[in-house]
Structure formats: structure tokens, C-alpha cells
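Next up, model.txt (compact mmCIF, C-alpha atoms and all ligand atoms):
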# COMPACT_ATOMS: atom_id res chain seq x y z
CA MET A 1 142.31 83.03 68.64
CA ALA A 2 139.18 85.11 68.55
CA ILE A 3 139.43 88.67 69.61
CA ILE A 4 136.11 89.89 70.85
CA SER A 5 135.54 93.57 70.91
CA ARG A 6 132.40 94.77 72.58
CA GLY A 7 132.80 98.01 70.69
CA PHE A 8 132.34 100.40 73.54
CA SER A 9 134.15 101.37 76.67
CA GLY A 10 131.42 102.13 79.18
CA ARG A 11 129.42 99.66 81.21
CA ARG A 12 126.09 98.81 79.74
CA SER A 13 123.03 99.95 81.62
CA ALA A 14 119.79 97.98 81.75
CA ALA A 15 118.57 100.28 78.99
CA GLY A 16 121.24 98.72 76.75
CA ALA A 17 123.40 101.80 76.31
CA GLU A 18 126.35 103.38 78.03
CA LEU A 19 125.83 105.76 80.90
CA PRO A 20 123.95 108.97 80.21
CA PRO A 21 126.30 111.89 79.41
CA GLY A 22 128.16 113.36 82.38
CA GLN A 23 127.36 110.48 84.76
CA TYR A 24 129.77 108.20 86.67
CA LEU A 25 129.10 104.76 88.13
CA THR A 26 128.73 104.10 91.81
CA THR A 27 128.04 100.83 93.59
CA ASP A 28 126.97 102.25 96.94
CA PHE A 29 123.58 103.88 97.41
CA PRO A 30 123.94 107.54 98.42
CA VAL A 31 121.13 109.16 100.41
CA LEU A 32 119.99 112.55 99.10
CA SER A 33 117.23 114.26 101.02
CA ALA A 34 116.39 117.95 101.13
CA GLY A 35 115.27 117.73 104.75
CA PRO A 36 114.93 115.36 107.69
CA THR A 37 113.67 111.81 107.13
CA PRO A 38 109.97 111.62 108.02
CA ARG A 39 109.10 108.50 110.01
CA ILE A 40 105.82 107.19 108.59
CA SER A 41 104.52 103.97 110.04
CA PRO A 42 102.45 101.86 107.63
CA ASP A 43 99.33 102.24 109.79
CA ARG A 44 99.47 106.02 109.21
CA TRP A 45 100.47 105.80 105.55
CA GLU A 46 98.02 106.47 102.76
CA PHE A 47 98.21 107.28 99.09
CA THR A 48 95.58 109.40 97.38
CA ILE A 49 94.93 110.55 93.83
CA ASP A 50 93.03 113.80 93.46
CA ASP A 51 92.01 116.01 90.55
CA GLY A 52 92.62 119.29 92.34
CA SER A 53 89.17 119.38 93.91
CA ASN A 54 88.19 115.80 94.76
CA VAL A 55 90.02 112.73 95.98
CA VAL A 56 89.30 110.15 93.31
CA LYS A 57 91.32 107.24 94.79
CA ARG A 58 92.58 106.37 98.24
CA TRP A 59 94.56 103.41 99.57
CA ASP A 60 95.70 102.69 103.08
CA TRP A 61 98.70 100.38 103.55
CA LYS A 62 96.56 97.25 103.72
CA SER A 63 94.59 97.93 100.53
CA PHE A 64 97.74 99.15 98.76
CA ARG A 65 99.58 95.93 99.62
CA GLU A 66 96.70 93.87 98.26
CA LEU A 67 97.34 95.29 94.80
CA PRO A 68 99.38 93.25 92.30
CA THR A 69 103.11 93.93 92.54
CA GLU A 70 106.06 93.70 90.17
CA THR A 71 109.76 93.09 90.60
CA ILE A 72 111.72 95.61 88.57
CA THR A 73 115.42 95.97 87.87
CA VAL A 74 116.35 99.48 86.77
CA ASP A 75 119.20 101.97 86.55
CA LEU A 76 119.20 105.13 88.68
CA HIS A 77 120.65 108.43 87.48
CA CYS A 78 121.03 111.28 89.96
CA VAL A 79 121.50 114.82 88.71
CA THR A 80 124.53 115.11 91.03
CA ARG A 81 126.12 112.73 88.46
CA TRP A 82 126.13 109.34 90.13
CA SER A 83 124.43 106.44 88.42
CA LYS A 84 123.72 103.04 89.93
CA LEU A 85 122.94 100.21 87.56
CA GLY A 86 120.74 97.17 87.98
CA THR A 87 118.90 98.08 91.18
CA SER A 88 116.12 95.70 92.18
CA TRP A 89 112.79 96.82 93.60
CA GLU A 90 109.32 95.52 94.42
CA GLY A 91 106.44 97.87 93.80
CA VAL A 92 103.00 98.59 92.43
CA SER A 93 102.90 99.96 88.91
CA LEU A 94 101.22 103.34 88.43
CA ASP A 95 99.28 101.56 85.67
CA VAL A 96 97.53 99.59 88.41
CA LEU A 97 96.81 102.71 90.49
CA LEU A 98 95.50 104.65 87.49
CA ALA A 99 93.61 101.74 85.92
CA ASP A 100 90.13 103.09 86.48
CA VAL A 101 90.93 106.77 86.79
CA LYS A 102 89.29 108.50 83.85
CA THR A 103 90.75 111.94 83.25
CA ASP A 104 91.55 114.49 80.55
CA LEU A 105 94.24 116.04 82.77
CA ALA A 106 97.69 115.48 81.25
CA TYR A 107 100.03 116.33 84.16
CA ALA A 108 100.59 115.33 87.75
CA ILE A 109 102.39 116.64 90.77
CA PHE A 110 103.44 114.05 93.36
CA ARG A 111 103.33 114.96 97.05
CA SER A 112 105.40 113.46 99.85
CA TYR A 113 105.24 113.33 103.62
CA GLY A 114 107.58 116.16 104.60
CA ASP A 115 106.22 118.40 101.83
CA TYR A 116 108.50 117.50 98.90
CA THR A 117 106.80 117.73 95.50
CA THR A 118 107.80 116.85 91.94
CA ASN A 119 105.94 117.17 88.64
CA LEU A 120 105.58 114.72 85.78
CA PRO A 121 103.54 114.45 82.61
CA LEU A 122 100.92 111.76 83.18
CA LYS A 123 102.13 109.85 80.12
CA ASP A 124 105.54 109.44 81.83
CA VAL A 125 104.06 107.49 84.71
CA MET A 126 102.02 105.17 82.49
CA ASN A 127 102.93 102.11 80.39
CA LYS A 128 105.39 100.46 82.81
CA GLN A 129 107.46 103.57 83.44
CA ALA A 130 106.71 104.28 87.11
CA TRP A 131 106.08 102.37 90.33
CA ILE A 132 105.43 102.97 93.98
CA ALA A 133 108.18 100.83 95.46
CA PHE A 134 108.17 99.41 98.98
CA GLU A 135 111.11 96.96 98.79
CA TYR A 136 114.68 97.51 97.72
CA ASP A 137 117.07 94.60 97.20
CA GLY A 138 114.69 92.12 98.83
CA ALA A 139 114.08 94.06 102.05
CA ASP A 140 111.60 96.67 103.27
CA LEU A 141 112.56 100.06 101.88
CA ALA A 142 114.66 101.89 104.50
CA PRO A 143 113.28 105.22 105.77
CA GLU A 144 116.34 107.09 104.40
CA HIS A 145 115.53 105.83 100.90
CA GLY A 146 111.84 106.71 101.14
CA GLY A 147 110.27 103.91 103.14
CA PRO A 148 107.64 102.79 103.63
CA ALA A 149 107.11 103.63 99.94
CA ARG A 150 108.52 105.89 97.27
CA LEU A 151 107.86 106.77 93.67
CA LEU A 152 110.29 105.20 91.20
CA VAL A 153 110.55 106.81 87.75
CA PRO A 154 113.87 105.45 86.47
CA HIS A 155 113.83 106.98 82.98
CA LEU A 156 114.16 110.49 84.50
CA TYR A 157 116.70 111.96 86.94
CA LEU A 158 116.22 110.52 90.40
CA TRP A 159 114.83 113.72 91.96
CA LYS A 160 111.58 112.76 90.19
CA SER A 161 111.41 109.58 92.31
CA ALA A 162 109.71 111.16 95.32
CA LYS A 163 110.54 109.44 98.60
CA TRP A 164 107.81 109.02 101.29
CA VAL A 165 105.22 109.61 98.58
CA LYS A 166 101.67 110.18 99.79
CA GLY A 167 99.72 111.24 96.74
CA MET A 168 99.39 112.68 93.29
CA THR A 169 97.33 115.61 92.08
CA LEU A 170 96.21 115.59 88.45
CA LEU A 171 96.64 118.94 86.72
CA PRO A 172 95.68 120.50 83.37
CA HIS A 173 99.15 122.12 82.97
CA ASP A 174 102.65 121.24 84.10
CA LYS A 175 103.55 122.90 87.41
CA PRO A 176 107.09 122.85 88.86
CA GLY A 177 107.72 120.98 92.09
CA PHE A 178 110.38 121.49 94.77
CA TRP A 179 113.60 121.14 92.75
CA GLU A 180 112.01 122.35 89.52
CA ASN A 181 111.16 125.63 91.29
CA LEU A 182 114.82 125.92 92.36
CA GLY A 183 116.12 125.81 88.79
CA TYR A 184 116.16 122.14 87.91
CA HIS A 185 114.74 121.08 84.57
CA ILE A 186 110.98 120.82 84.29
CA TYR A 187 111.30 117.31 82.68
CA GLY A 188 114.76 115.94 83.57
CA ASP A 189 115.73 113.37 80.92
CA PRO A 190 119.25 112.12 81.80
CA TRP A 191 119.93 110.99 78.21
CA GLN A 192 119.30 114.57 77.03
CA GLU A 193 121.24 115.87 80.05
CA GLN A 194 118.30 118.04 81.09
CA ARG A 195 119.77 119.02 84.46
CA TYR A 196 118.78 122.68 84.79
CA SER A 197 115.96 124.77 83.41
CA ASP A 198 118.28 126.55 80.96
CA GLU A 199 119.34 123.24 79.32
N1 LIG B 201 110.53 113.36 99.50
C1 LIG B 201 111.73 113.49 98.91
N2 LIG B 201 111.98 112.73 97.83
C2 LIG B 201 113.19 112.83 97.21
C3 LIG B 201 114.16 113.75 97.65
C4 LIG B 201 113.85 114.53 98.79
O1 LIG B 201 114.67 115.35 99.25
N3 LIG B 201 112.64 114.37 99.39
N4 LIG B 201 115.37 113.84 96.99
C5 LIG B 201 115.37 113.43 95.59
C6 LIG B 201 116.69 113.35 95.03
S1 LIG B 201 117.45 114.81 94.57
C7 LIG B 201 117.29 112.16 94.78
S2 LIG B 201 118.79 112.06 93.97
C8 LIG B 201 116.69 110.90 95.25
C9 LIG B 201 117.67 110.22 96.17
O2 LIG B 201 117.17 108.98 96.56
P1 LIG B 201 118.02 108.15 97.61
O3 LIG B 201 118.22 109.03 98.79
O4 LIG B 201 117.21 106.93 97.86
O5 LIG B 201 119.32 107.85 96.91
O6 LIG B 201 115.48 111.08 95.94
C10 LIG B 201 114.66 112.09 95.42
N5 LIG B 201 113.41 112.06 96.12
MO MO B 202 119.29 114.13 93.22
File written out as C-alpha cells:
Amino acid sequence: MAIISRGFSGRRSAAGAELPPGQYLTTDFPVLSAGPTPRISPDRWEFTIDDGSNVVKRWDWKSFRELPTETITVDLHCVTRWSKLGTSWEGVSLDVLLADVKTDLAYAIFRSYGDYTTNLPLKDVMNKQAWIAFEYDGADLAPEHGGPARLLVPHLYLWKSAKWVKGMTLLPHDKPGFWENLGYHIYGDPWQEQRYSDE
């Protein structure tokens, strides 16, 4: 009789490894918001890219939804230690949004309705690493989870995935956003357990 050992004890994530250090699995989908849920109807929604002085790109809901979309299945890792594997989303890749933005600026800060912000190196939102998602699990994204649309950057802790996202500002230097200003790590790689700024 064959004895098959998979050689590890944790559940495999979509990234092919066990859970990041210090994380536990959950199957529900907790809601974590620093403030009240803003109610943004699609006819008011817009997403802009600016370089700190000029808006270089602008989409309203209609033009945004005419862009090519992707279905992505990714793992989520929250800094409060829950991880949820194999979540399924529909969204527009940041590669599409940035396709004809020519810039030397290497950083970005994302802005949300309700004033949340979070910073990311521009290279971390390119090459199939980040999306603006508008569907979760086959249905319109619920307001609590960031609907009508949220940023999704699954390779970093989930606070980087700004809900109710409305724009990104390109910057020459990295600049801390909401949680980063309150002591969370400037980058936030779950595999390096970069939870707080002293780690
Ligand atoms: N605009 C906004 N985006 C946000 C937050 C927030 O408070 N406001 N919380 C962040 C944090 S800390 C986490 S863990 C995730 C939670 O996403 P969820 O509520 O869909 O689980 O959203 C992130 N994006
Ligand atoms: Mo979080």
C-alpha cells in the first residue's frame, strides 16, 4: 500500500507554500474598516491618476467598465493574522490603467472615498500584481468590502488593498499612508512578517 506524504502540515496557499508566518486560516470574510462605510453609487464613482500636479488619467464607471477585465484567484493575508485562501475576484489590472502613463516617479499613494490612503512602490502594482476589483465570488462587490471597487494587492498585507478606491497619486519618494503613519510597516510583506515599522 502506498503511503503518500505531502511533506508539510499546513494548507497550501495559491502561492504554493504554507501560510505566511504567524497567520491562521479563516473561511469567513471578516470586515475591517477604520471608519464608516462610504456609499458610493457607480454614477458618482471615478478613478483618477495624477502626478501630484496634474490629473493624467480619469475614468468614470462606464469607461472603467469598458476596460478589459481579469478573473483572479488569490490568497488574502490580514495583519490581524487571518488569512483566507483561494478568493475569486473580477477586476481591471493596474497594468491596463497604467499602460500609457509615462512616468519616472517610482511610488504611489492610493486614495479612497472616506479619506483612507495607502502607499506602494509603483513596481508592486505592475506586472499582474494589482487590480481594481469590482466583483467578489461572482457578485458585485459589497459596500462593506469596498464596493463598488477596491484595490487588490494580494502579495502584501490586506491593509494595502484600499477599499472604495478613487485614485492614485504618483510620487518621487515613498510616503506613508493611513496605517503606515500609525506604525504599520511601510511595505508590508506577509512572508517577511513585516507587520510594524520596527520589523
Ligand atoms: N478605504 C479603506 N480601505 C481599507 C481599510 C479601511 O479601513 N478603509 N482597511 C484595510 C484593512 S486593515 C484590511 S485588513 C482590509 C479588509 O478588507 P475587508 O474588510 O474586505 O476584509 O481592507 C483594507 N482596506
Ligand atoms: Mo487589516
With a cut-off of 6 Å, could you pull out the residues of chain A touching ligand LIG 201 (chain B) and give me the nearest pair of atoms for each, distance in Å to one decimal, using all atoms listed in the file, ordered by chain and ascending number, as JSON lines?
{"residue": "A:Phe29", "atom": "CA", "partner": "B:LIG201", "partner_atom": "O5", "distance": 5.8}
{"residue": "A:Pro30", "atom": "CA", "partner": "B:LIG201", "partner_atom": "O5", "distance": 4.9}
{"residue": "A:Val31", "atom": "CA", "partner": "B:LIG201", "partner_atom": "O3", "distance": 3.3}
{"residue": "A:Leu32", "atom": "CA", "partner": "B:LIG201", "partner_atom": "O3", "distance": 4.0}
{"residue": "A:Ser33", "atom": "CA", "partner": "B:LIG201", "partner_atom": "O1", "distance": 3.3}
{"residue": "A:Ala34", "atom": "CA", "partner": "B:LIG201", "partner_atom": "O1", "distance": 3.6}
{"residue": "A:Cys78", "atom": "CA", "partner": "B:LIG201", "partner_atom": "S2", "distance": 4.7}
{"residue": "A:Ser112", "atom": "CA", "partner": "B:LIG201", "partner_atom": "N1", "distance": 5.1}
{"residue": "A:Tyr116", "atom": "CA", "partner": "B:LIG201", "partner_atom": "N1", "distance": 4.6}
{"residue": "A:His145", "atom": "CA", "partner": "B:LIG201", "partner_atom": "O4", "distance": 3.6}
{"residue": "A:Leu158", "atom": "CA", "partner": "B:LIG201", "partner_atom": "S2", "distance": 4.7}
{"residue": "A:Trp159", "atom": "CA", "partner": "B:LIG201", "partner_atom": "C6", "distance": 3.6}
{"residue": "A:Ser161", "atom": "CA", "partner": "B:LIG201", "partner_atom": "N5", "distance": 5.0}
{"residue": "A:Ala162", "atom": "CA", "partner": "B:LIG201", "partner_atom": "N2", "distance": 3.7}
{"residue": "A:Lys163", "atom": "CA", "partner": "B:LIG201", "partner_atom": "N2", "distance": 3.7}
{"residue": "A:Trp164", "atom": "CA", "partner": "B:LIG201", "partner_atom": "N1", "distance": 5.4}
### Task
Go ahead and compute the interatomic distance for atom CA of A:Trp131 and atom CA of A:Asp198, in Å to one decimal.
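Separating atom CA of A:Trp131 from atom CA of A:Asp198 is a distance of 28.7 Å.
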### Query
Using all atoms listed in the file, which residue out of A:Arg81, A:Lys123, A:Lys175, A:His185 lies closest to ligand MO 202 (chain B)?
A:Arg81
### Query
For A:Thr69, which of A:Ser93, A:Gln194, A:Thr37, A:Thr26 is the closest residue, counting only C-alpha atoms?
A:Ser93
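Here the question is which of A:Met126, A:Glu180, A:Leu85, A:Gly114 gets nearest to A:Tyr24 using all atoms listed in the file, and that residue is A:Leu85.
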### Shell of 12 Å around A:Ser63, only C-alpha atoms, local chain residues under 2 positions omitted, as a PyMOL selection string
chain A and resi 42-43+45-48+57-61+65-68+92+97
### Query
Taking all atoms listed in the file into account, which of A:Gly52, A:Pro36, A:Pro148, A:Pro172 comes nearest A:Ala106?
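Using all atoms listed in the file, A:Ala106 sits closest to A:Pro172.
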### Task
Compare A:Arg39, A:His173, A:His77, A:Lys84 by their minimum atom-to-atom distance to ligand MO 202 (chain B), counting all atoms listed in the file, and give me the closest one.
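Answer, going by the shortest atom-to-atom distance: A:His77.
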#### Entry: Minimum-distance residue to ligand MO 202 (chain B), chosen among A:Trp82, A:Tyr196, A:Phe134, A:Phe64 (using all atoms listed in the file)
A:Trp82
### Task
Kindly give the distance, in Å, that separates atom CA of A:Trp89 and atom CA of A:Asp28, rounded to a single decimal.
15.5 Å
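Interatomic distance, atom CA of A:Thr27 against atom CA of A:Glu70: 23.4 Å.
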### Message
Given the point (111.6, 96.6, 87.8) in the file's coordinates, find the residues that have an atom at most 9 Å from it, counting all atoms listed in the file, and give them as a list in words.
### Response
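Residues lying no farther than 9 Å from the given point: Glu70, Thr71, Ile72, Thr73, Val74, Thr87, Ser88, Trp89, Glu90, Gly91, Lys128 and Trp131 of chain A.
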### Task
Write out as a VMD selection string the residues lying within 10 Å of A:Leu122, counting all atoms listed in the file and excluding same-chain residues fewer than 2 positions away.
chain A and resid 94 98 105 to 109 119 to 120 124 to 126 170 to 171 174
### Message
Please list as JSON, numbers by chain every residue within 8 Å of A:Tyr157, counting only C-alpha atoms and excluding residues in the same chain fewer than 5 positions away.
### Response
{"A": [76, 77, 78, 79, 188, 189, 190]}
File output for stretch 172-186 of chain A (all heavy atoms) as a PDB file, in the first residue's frame:
ATOM      1  N   PRO A 172       7.615  60.909  -6.172  1.00  0.00           N
ATOM      2  CA  PRO A 172       9.045  60.607  -6.351  1.00  0.00           C
ATOM      3  C   PRO A 172       9.617  59.769  -5.213  1.00  0.00           C
ATOM      4  O   PRO A 172      10.607  59.061  -5.407  1.00  0.00           O
ATOM      5  CB  PRO A 172       9.700  61.995  -6.394  1.00  0.00           C
ATOM      6  CG  PRO A 172       8.754  62.905  -5.693  1.00  0.00           C
ATOM      7  CD  PRO A 172       7.374  62.338  -5.885  1.00  0.00           C
ATOM      8  N   HIS A 173       9.016  59.873  -3.999  1.00  0.00           N
ATOM      9  CA  HIS A 173       9.521  59.138  -2.831  1.00  0.00           C
ATOM     10  C   HIS A 173       8.344  58.440  -2.153  1.00  0.00           C
ATOM     11  O   HIS A 173       7.203  58.873  -2.280  1.00  0.00           O
ATOM     12  CB  HIS A 173      10.170  60.092  -1.822  1.00  0.00           C
ATOM     13  CG  HIS A 173      11.253  60.923  -2.405  1.00  0.00           C
ATOM     14  ND1 HIS A 173      12.462  60.400  -2.809  1.00  0.00           N
ATOM     15  CD2 HIS A 173      11.301  62.248  -2.694  1.00  0.00           C
ATOM     16  CE1 HIS A 173      13.214  61.364  -3.299  1.00  0.00           C
ATOM     17  NE2 HIS A 173      12.533  62.497  -3.252  1.00  0.00           N
ATOM     18  N   ASP A 174       8.649  57.394  -1.418  1.00  0.00           N
ATOM     19  CA  ASP A 174       7.612  56.690  -0.683  1.00  0.00           C
ATOM     20  C   ASP A 174       7.077  57.596   0.436  1.00  0.00           C
ATOM     21  O   ASP A 174       7.851  58.322   1.077  1.00  0.00           O
ATOM     22  CB  ASP A 174       8.198  55.403  -0.079  1.00  0.00           C
ATOM     23  CG  ASP A 174       7.178  54.282   0.010  1.00  0.00           C
ATOM     24  OD1 ASP A 174       6.013  54.501  -0.363  1.00  0.00           O
ATOM     25  OD2 ASP A 174       7.567  53.177   0.441  1.00  0.00           O
ATOM     26  N   LYS A 175       5.779  57.565   0.645  1.00  0.00           N
ATOM     27  CA  LYS A 175       5.154  58.437   1.649  1.00  0.00           C
ATOM     28  C   LYS A 175       4.098  57.638   2.386  1.00  0.00           C
ATOM     29  O   LYS A 175       3.191  57.095   1.755  1.00  0.00           O
ATOM     30  CB  LYS A 175       4.519  59.622   0.913  1.00  0.00           C
ATOM     31  CG  LYS A 175       3.775  60.603   1.782  1.00  0.00           C
ATOM     32  CD  LYS A 175       3.117  61.678   0.918  1.00  0.00           C
ATOM     33  CE  LYS A 175       1.961  62.301   1.675  1.00  0.00           C
ATOM     34  NZ  LYS A 175       1.068  63.058   0.805  1.00  0.00           N
ATOM     35  N   PRO A 176       4.200  57.482   3.716  1.00  0.00           N
ATOM     36  CA  PRO A 176       3.281  56.610   4.437  1.00  0.00           C
ATOM     37  C   PRO A 176       1.823  57.037   4.317  1.00  0.00           C
ATOM     38  O   PRO A 176       1.510  58.229   4.315  1.00  0.00           O
ATOM     39  CB  PRO A 176       3.760  56.706   5.899  1.00  0.00           C
ATOM     40  CG  PRO A 176       4.646  57.903   5.965  1.00  0.00           C
ATOM     41  CD  PRO A 176       5.200  58.113   4.585  1.00  0.00           C
ATOM     42  N   GLY A 177       0.947  56.051   4.232  1.00  0.00           N
ATOM     43  CA  GLY A 177      -0.493  56.292   4.204  1.00  0.00           C
ATOM     44  C   GLY A 177      -1.082  56.188   5.600  1.00  0.00           C
ATOM     45  O   GLY A 177      -0.380  56.370   6.609  1.00  0.00           O
ATOM     46  N   PHE A 178      -2.379  55.879   5.675  1.00  0.00           N
ATOM     47  CA  PHE A 178      -3.111  55.892   6.943  1.00  0.00           C
ATOM     48  C   PHE A 178      -2.496  54.949   7.981  1.00  0.00           C
ATOM     49  O   PHE A 178      -2.034  55.391   9.042  1.00  0.00           O
ATOM     50  CB  PHE A 178      -4.584  55.528   6.680  1.00  0.00           C
ATOM     51  CG  PHE A 178      -5.422  55.468   7.920  1.00  0.00           C
ATOM     52  CD1 PHE A 178      -5.914  56.626   8.494  1.00  0.00           C
ATOM     53  CD2 PHE A 178      -5.723  54.249   8.522  1.00  0.00           C
ATOM     54  CE1 PHE A 178      -6.695  56.573   9.652  1.00  0.00           C
ATOM     55  CE2 PHE A 178      -6.501  54.186   9.675  1.00  0.00           C
ATOM     56  CZ  PHE A 178      -6.981  55.352  10.236  1.00  0.00           C
ATOM     57  N   TRP A 179      -2.447  53.656   7.704  1.00  0.00           N
ATOM     58  CA  TRP A 179      -1.929  52.708   8.697  1.00  0.00           C
ATOM     59  C   TRP A 179      -0.417  52.816   8.830  1.00  0.00           C
ATOM     60  O   TRP A 179       0.143  52.609   9.909  1.00  0.00           O
ATOM     61  CB  TRP A 179      -2.324  51.265   8.352  1.00  0.00           C
ATOM     62  CG  TRP A 179      -3.755  50.956   8.689  1.00  0.00           C
ATOM     63  CD1 TRP A 179      -4.739  50.588   7.817  1.00  0.00           C
ATOM     64  CD2 TRP A 179      -4.366  50.991   9.992  1.00  0.00           C
ATOM     65  NE1 TRP A 179      -5.924  50.405   8.494  1.00  0.00           N
ATOM     66  CE2 TRP A 179      -5.720  50.637   9.822  1.00  0.00           C
ATOM     67  CE3 TRP A 179      -3.897  51.299  11.276  1.00  0.00           C
ATOM     68  CZ2 TRP A 179      -6.617  50.571  10.898  1.00  0.00           C
ATOM     69  CZ3 TRP A 179      -4.786  51.227  12.339  1.00  0.00           C
ATOM     70  CH2 TRP A 179      -6.129  50.874  12.144  1.00  0.00           C
ATOM     71  N   GLU A 180       0.259  53.128   7.741  1.00  0.00           N
ATOM     72  CA  GLU A 180       1.718  53.253   7.788  1.00  0.00           C
ATOM     73  C   GLU A 180       2.113  54.397   8.726  1.00  0.00           C
ATOM     74  O   GLU A 180       3.117  54.315   9.437  1.00  0.00           O
ATOM     75  CB  GLU A 180       2.278  53.475   6.378  1.00  0.00           C
ATOM     76  CG  GLU A 180       2.052  52.295   5.405  1.00  0.00           C
ATOM     77  CD  GLU A 180       0.676  52.309   4.735  1.00  0.00           C
ATOM     78  OE1 GLU A 180      -0.095  53.273   4.973  1.00  0.00           O
ATOM     79  OE2 GLU A 180       0.376  51.343   3.987  1.00  0.00           O
ATOM     80  N   ASN A 181       1.322  55.470   8.744  1.00  0.00           N
ATOM     81  CA  ASN A 181       1.572  56.584   9.666  1.00  0.00           C
ATOM     82  C   ASN A 181       1.322  56.201  11.119  1.00  0.00           C
ATOM     83  O   ASN A 181       1.842  56.836  12.035  1.00  0.00           O
ATOM     84  CB  ASN A 181       0.666  57.773   9.325  1.00  0.00           C
ATOM     85  CG  ASN A 181       1.352  58.764   8.420  1.00  0.00           C
ATOM     86  OD1 ASN A 181       2.538  59.056   8.600  1.00  0.00           O
ATOM     87  ND2 ASN A 181       0.621  59.281   7.446  1.00  0.00           N
ATOM     88  N   LEU A 182       0.494  55.164  11.330  1.00  0.00           N
ATOM     89  CA  LEU A 182       0.159  54.739  12.693  1.00  0.00           C
ATOM     90  C   LEU A 182       1.059  53.601  13.165  1.00  0.00           C
ATOM     91  O   LEU A 182       0.737  52.921  14.151  1.00  0.00           O
ATOM     92  CB  LEU A 182      -1.319  54.332  12.758  1.00  0.00           C
ATOM     93  CG  LEU A 182      -2.309  55.493  12.591  1.00  0.00           C
ATOM     94  CD1 LEU A 182      -3.733  54.984  12.481  1.00  0.00           C
ATOM     95  CD2 LEU A 182      -2.184  56.484  13.756  1.00  0.00           C
ATOM     96  N   GLY A 183       2.158  53.357  12.464  1.00  0.00           N
ATOM     97  CA  GLY A 183       3.139  52.387  12.951  1.00  0.00           C
ATOM     98  C   GLY A 183       3.204  51.077  12.194  1.00  0.00           C
ATOM     99  O   GLY A 183       4.035  50.227  12.506  1.00  0.00           O
ATOM    100  N   TYR A 184       2.329  50.912  11.200  1.00  0.00           N
ATOM    101  CA  TYR A 184       2.442  49.702  10.384  1.00  0.00           C
ATOM    102  C   TYR A 184       3.582  49.858   9.385  1.00  0.00           C
ATOM    103  O   TYR A 184       4.031  50.956   9.085  1.00  0.00           O
ATOM    104  CB  TYR A 184       1.099  49.390   9.709  1.00  0.00           C
ATOM    105  CG  TYR A 184       0.132  48.803  10.706  1.00  0.00           C
ATOM    106  CD1 TYR A 184      -0.645  49.622  11.516  1.00  0.00           C
ATOM    107  CD2 TYR A 184       0.075  47.432  10.901  1.00  0.00           C
ATOM    108  CE1 TYR A 184      -1.489  49.089  12.474  1.00  0.00           C
ATOM    109  CE2 TYR A 184      -0.765  46.881  11.862  1.00  0.00           C
ATOM    110  CZ  TYR A 184      -1.539  47.711  12.639  1.00  0.00           C
ATOM    111  OH  TYR A 184      -2.348  47.181  13.600  1.00  0.00           O
ATOM    112  N   HIS A 185       4.039  48.713   8.910  1.00  0.00           N
ATOM    113  CA  HIS A 185       5.244  48.670   8.068  1.00  0.00           C
ATOM    114  C   HIS A 185       5.048  49.449   6.765  1.00  0.00           C
ATOM    115  O   HIS A 185       3.964  49.415   6.176  1.00  0.00           O
ATOM    116  CB  HIS A 185       5.580  47.206   7.771  1.00  0.00           C
ATOM    117  CG  HIS A 185       6.977  46.974   7.323  1.00  0.00           C
ATOM    118  ND1 HIS A 185       7.369  47.166   6.012  1.00  0.00           N
ATOM    119  CD2 HIS A 185       8.081  46.601   8.006  1.00  0.00           C
ATOM    120  CE1 HIS A 185       8.660  46.884   5.918  1.00  0.00           C
ATOM    121  NE2 HIS A 185       9.128  46.541   7.111  1.00  0.00           N
ATOM    122  N   ILE A 186       6.085  50.106   6.328  1.00  0.00           N
ATOM    123  CA  ILE A 186       5.974  50.918   5.114  1.00  0.00           C
ATOM    124  C   ILE A 186       5.686  50.038   3.885  1.00  0.00           C
ATOM    125  O   ILE A 186       5.013  50.482   2.955  1.00  0.00           O
ATOM    126  CB  ILE A 186       7.262  51.767   4.918  1.00  0.00           C
ATOM    127  CG1 ILE A 186       7.081  52.851   3.858  1.00  0.00           C
ATOM    128  CG2 ILE A 186       8.480  50.896   4.613  1.00  0.00           C
ATOM    129  CD1 ILE A 186       6.304  54.045   4.322  1.00  0.00           C
TER     130      ILE A 186
END
